[in-house]
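A short worksheet on the structure shown next.
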Number of protein chains: 2
Amino acid sequence: MIDLAIIGGGPAGLTAGLYATRGGLKEVVMFEKGLPGGQITGSSEIENYPGIAHEVTGMELMEPWPEQCMRFGMKHSLDEVTKISKRDDGIFEVSVMGKDIVEAKSVIVCTGSTPRRAGIKGEDQLFGKGVSTCATCDGFFYKNKEVAVLGGGDTALEEALYLTNICSKVYLIHRRDTFRASPITVERIMKNDKIELVLNSSVKEILGDKMGVTGVTIVDSDKNERELAVPGIFVFVGMNVNNGVLKNEDGSFICATDESGNVIVDLKMKTSLKGLFAAGDLRIDAAKQVVCAAGDGAVAGMQALEYVND
Amino acid sequence: MIDLAIIGGGPAGLTAGLYATRGGLKEVVMFEKGLPGGQITGSSEIENYPGIAHEVTGMELMEPWPEQCMRFGMKHSLDEVTKISKRDDGIFEVSVMGKDIVEAKSVIVCTGSTPRRAGIKGEDQLFGKGVSTCATCDGFFYKNKEVAVLGGGDTALEEALYLTNICSKVYLIHRRDTFRASPITVERIMKNDKIELVLNSSVKEILGDKMGVTGVTIVDSDKNERELAVPGIFVFVGMNVNNGVLKNEDGSFICATDESGNVIVDLKMKTSLKGLFAAGDLRIDAAKQVVCAAGDGAVAGMQALEYVND
């Protein structure tokens, strides 16, 4: 029986382990089948993690974290967790692929969420080099430049509006001529001079060279093609919340979630299930920033410690 | 008229400014009458800010923050804010000592909270060198050592319990023979073998040398003195929430607070007053850790930007 199982090894999971073990919790295991560090390790430029003032890659940013966060005794299990459940006696069962079930007194889930890719030619190769899924993270790198945004939902439109604060022009590319977003957001889009709507259109290819994106090829419903010479494209075609480990066999969740599957937490990162905490990008209202995920992790680690002591 | 007034220049305020200006907000002013950096700059050892793996002083930790957070256009006003109010037209008025009122579209308050000192001989001189007000921050530095805790309220008892996970023994010094804390916490204190109660007693002096605390002199109600040779003492005699700027003339607050004066926020750091956000140690359920305050600040900065754009 371990004291705390941490599912996921990104900024939230690592910081949760740091705080729980430094606070004296003895048996703390972080389950992360790959290298710790999380999604951010795929980013090429970060300048907004407070305290790291020079621009770094995601790999560089996260490089010191595992050693720092594990030196107080957290163990790293290189295994994949498939399922978490809580028994009537209050103990959690952590199902580990190909291994025995691990019993734990408490669990912090920090499995994040993953932006969907659109499946466009060039998208994967140029991801992090002009293809982005986060305007807050990368918008500033296109200050006073033109960028493209792909998508027609709330997130796409909100991120397009965000980018108009920074960029000289935003091409909003959407395959239909109406938007699924809320009317008030659509209205703001329509009123914004910096946004050029590219409707009934899709992106056929993202163009680029070794330096990154150089443009996108657009095709409309009449098969007319044209090229937009933008150095950046933001793709917002949905988000996969990595909540699979929290699913019961009937598809319901072991704790409360919102309609998109984000885990509902309070300011203490407590879920609706006692002893289960959530931190980072899979919780509701997550800002999806490293410093926010780390802050969540610290809170969850401290709270799990208190829960186990009780 | 400015877009955003940030009150306070600690980790929360600095990060709020970083995110708001990097997101494109133009007129952002941080009001901080002293050097930015916050309370943490008084700490001598920090090893739990993720990404800064080596042990640093608070001054060293915060050294790169002001330049990083201000390079996207945040201005620093070296002034003291005395009062914030919101007019019927939705504009905030920021009263600045000795100057004209500043009008702002939105406000983030991050003025923190300050642990009270007990007023003991030696306390100020040895603060940060064995005298601490935060078990989560400093407890680990006394791993397997004996420490003293001063206080009889919920925080004192909870922090004493926290320290028993790390330290070999915790002397809990309280001037009465009963505790103001909740019965369940008192029960856990009574049951804990590592806690030695030192009741009806106060600390006459904190002893130390250049290296830090070496012990404390205790005096009981019969004036008997004895010395405890501890390298650390944790003082929990209350917290001043720095919420003065949010007070109306009648003593009520411009936004909802809890009974201790902590500002009530949701996961987006929104207070009950639209356009007013709170971040860091003065909000409810604050973990009072740098990384958590910074995470709060990032969220508040992004939310203020969205509010102003709307």
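Residues in the structure tokens are numbered from 1 in each chain, the chains being A, B, ... in the order shown, and ligands are numbered from 1 in the order shown.
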
Compute the set of chain B residues within 8 Å of chain A, using only C-alpha atoms, and express it as a PyMOL selection string. chain B and resi 15+18-19+22-25+48+50-53+61-65+67-69+136+139-140+162-163+165-166+266-268+285+287+291-296+298-299+306

What's around Ser44 of chain B at 8 Å? Count only C-alpha atoms, leave out sequence neighbours fewer than 6 positions away in its own chain, and write the answer as a compact mmCIF listing (two decimals) with all heavy atoms, in the first residue's frame.
# COMPACT_ATOMS: atom_id res chain seq x y z
N VAL B 56 18.32 28.48 -3.17
CA VAL B 56 18.59 29.91 -3.37
C VAL B 56 17.95 30.71 -2.24
O VAL B 56 17.07 30.21 -1.53
CB VAL B 56 18.02 30.43 -4.72
CG1 VAL B 56 18.78 29.86 -5.90
CG2 VAL B 56 16.54 30.12 -4.83
N THR B 57 18.38 31.95 -2.09
CA THR B 57 17.69 32.85 -1.18
C THR B 57 16.47 33.42 -1.92
O THR B 57 16.38 33.36 -3.15
CB THR B 57 18.58 34.03 -0.75
OG1 THR B 57 18.84 34.85 -1.90
CG2 THR B 57 19.89 33.55 -0.15
N GLY B 58 15.58 34.00 -1.15
CA GLY B 58 14.41 34.63 -1.77
C GLY B 58 14.79 35.75 -2.71
O GLY B 58 14.17 35.93 -3.77
N GLY B 128 13.95 34.17 9.49
CA GLY B 128 14.57 33.62 8.28
C GLY B 128 15.86 32.87 8.56
O GLY B 128 16.46 32.28 7.66
N LYS B 129 16.29 32.88 9.82
CA LYS B 129 17.50 32.13 10.20
C LYS B 129 17.16 31.17 11.33
O LYS B 129 17.92 31.03 12.30
CB LYS B 129 18.60 33.09 10.67
CG LYS B 129 19.12 34.01 9.58
CD LYS B 129 20.08 35.02 10.18
CE LYS B 129 20.42 36.12 9.20
NZ LYS B 129 20.99 37.30 9.88

Segment 11-67 of chain A: which residues are strand (DSSP E) by DSSP, as JSON, numbers by chain? {"A": [28, 29, 30, 31]}

Generate the output file for the selected residues, N, CA, C and O atoms, as an mmCIF file, in the first residue's frame.
data_model
loop_
_atom_site.group_PDB
_atom_site.id
_atom_site.type_symbol
_atom_site.label_atom_id
_atom_site.label_comp_id
_atom_site.auth_asym_id
_atom_site.auth_seq_id
_atom_site.Cartn_x
_atom_site.Cartn_y
_atom_site.Cartn_z
ATOM 1 N N VAL A 28 5.374 7.651 -2.116
ATOM 2 C CA VAL A 28 4.748 8.431 -3.181
ATOM 3 C C VAL A 28 5.302 7.932 -4.519
ATOM 4 O O VAL A 28 6.523 7.903 -4.716
ATOM 5 N N VAL A 29 4.411 7.513 -5.388
ATOM 6 C CA VAL A 29 4.840 6.986 -6.692
ATOM 7 C C VAL A 29 4.185 7.790 -7.810
ATOM 8 O O VAL A 29 2.967 7.979 -7.820
ATOM 9 N N MET A 30 5.019 8.287 -8.725
ATOM 10 C CA MET A 30 4.514 8.963 -9.918
ATOM 11 C C MET A 30 4.510 7.959 -11.068
ATOM 12 O O MET A 30 5.550 7.396 -11.415
ATOM 13 N N PHE A 31 3.337 7.740 -11.638
ATOM 14 C CA PHE A 31 3.220 6.825 -12.767
ATOM 15 C C PHE A 31 3.301 7.639 -14.065
ATOM 16 O O PHE A 31 2.438 8.471 -14.343
#

One decimal, Å: what's the distance from atom CA of Ser106 of chain B over to atom CA of Glu259 of chain B, could you say?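 The value is 25.3 Å.
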
Quick one: distance from atom CA of His174 of chain B to atom CA of Pro231 of chain B in Å, one decimal?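 Straight-line distance from atom CA of His174 of chain B to atom CA of Pro231 of chain B works out to 18.7 Å.
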
If you count only C-alpha atoms, the residue of B:Val109, B:Cys134, B:Val213, B:Ala16 closest to Asn262 of chain B turns out to be B:Val109

Shell around Arg175 of chain A at 9 Å using only C-alpha atoms, local window under 4 positions removed, as a PyMOL selection string: chain A and resi 150-152+198-203+220-221
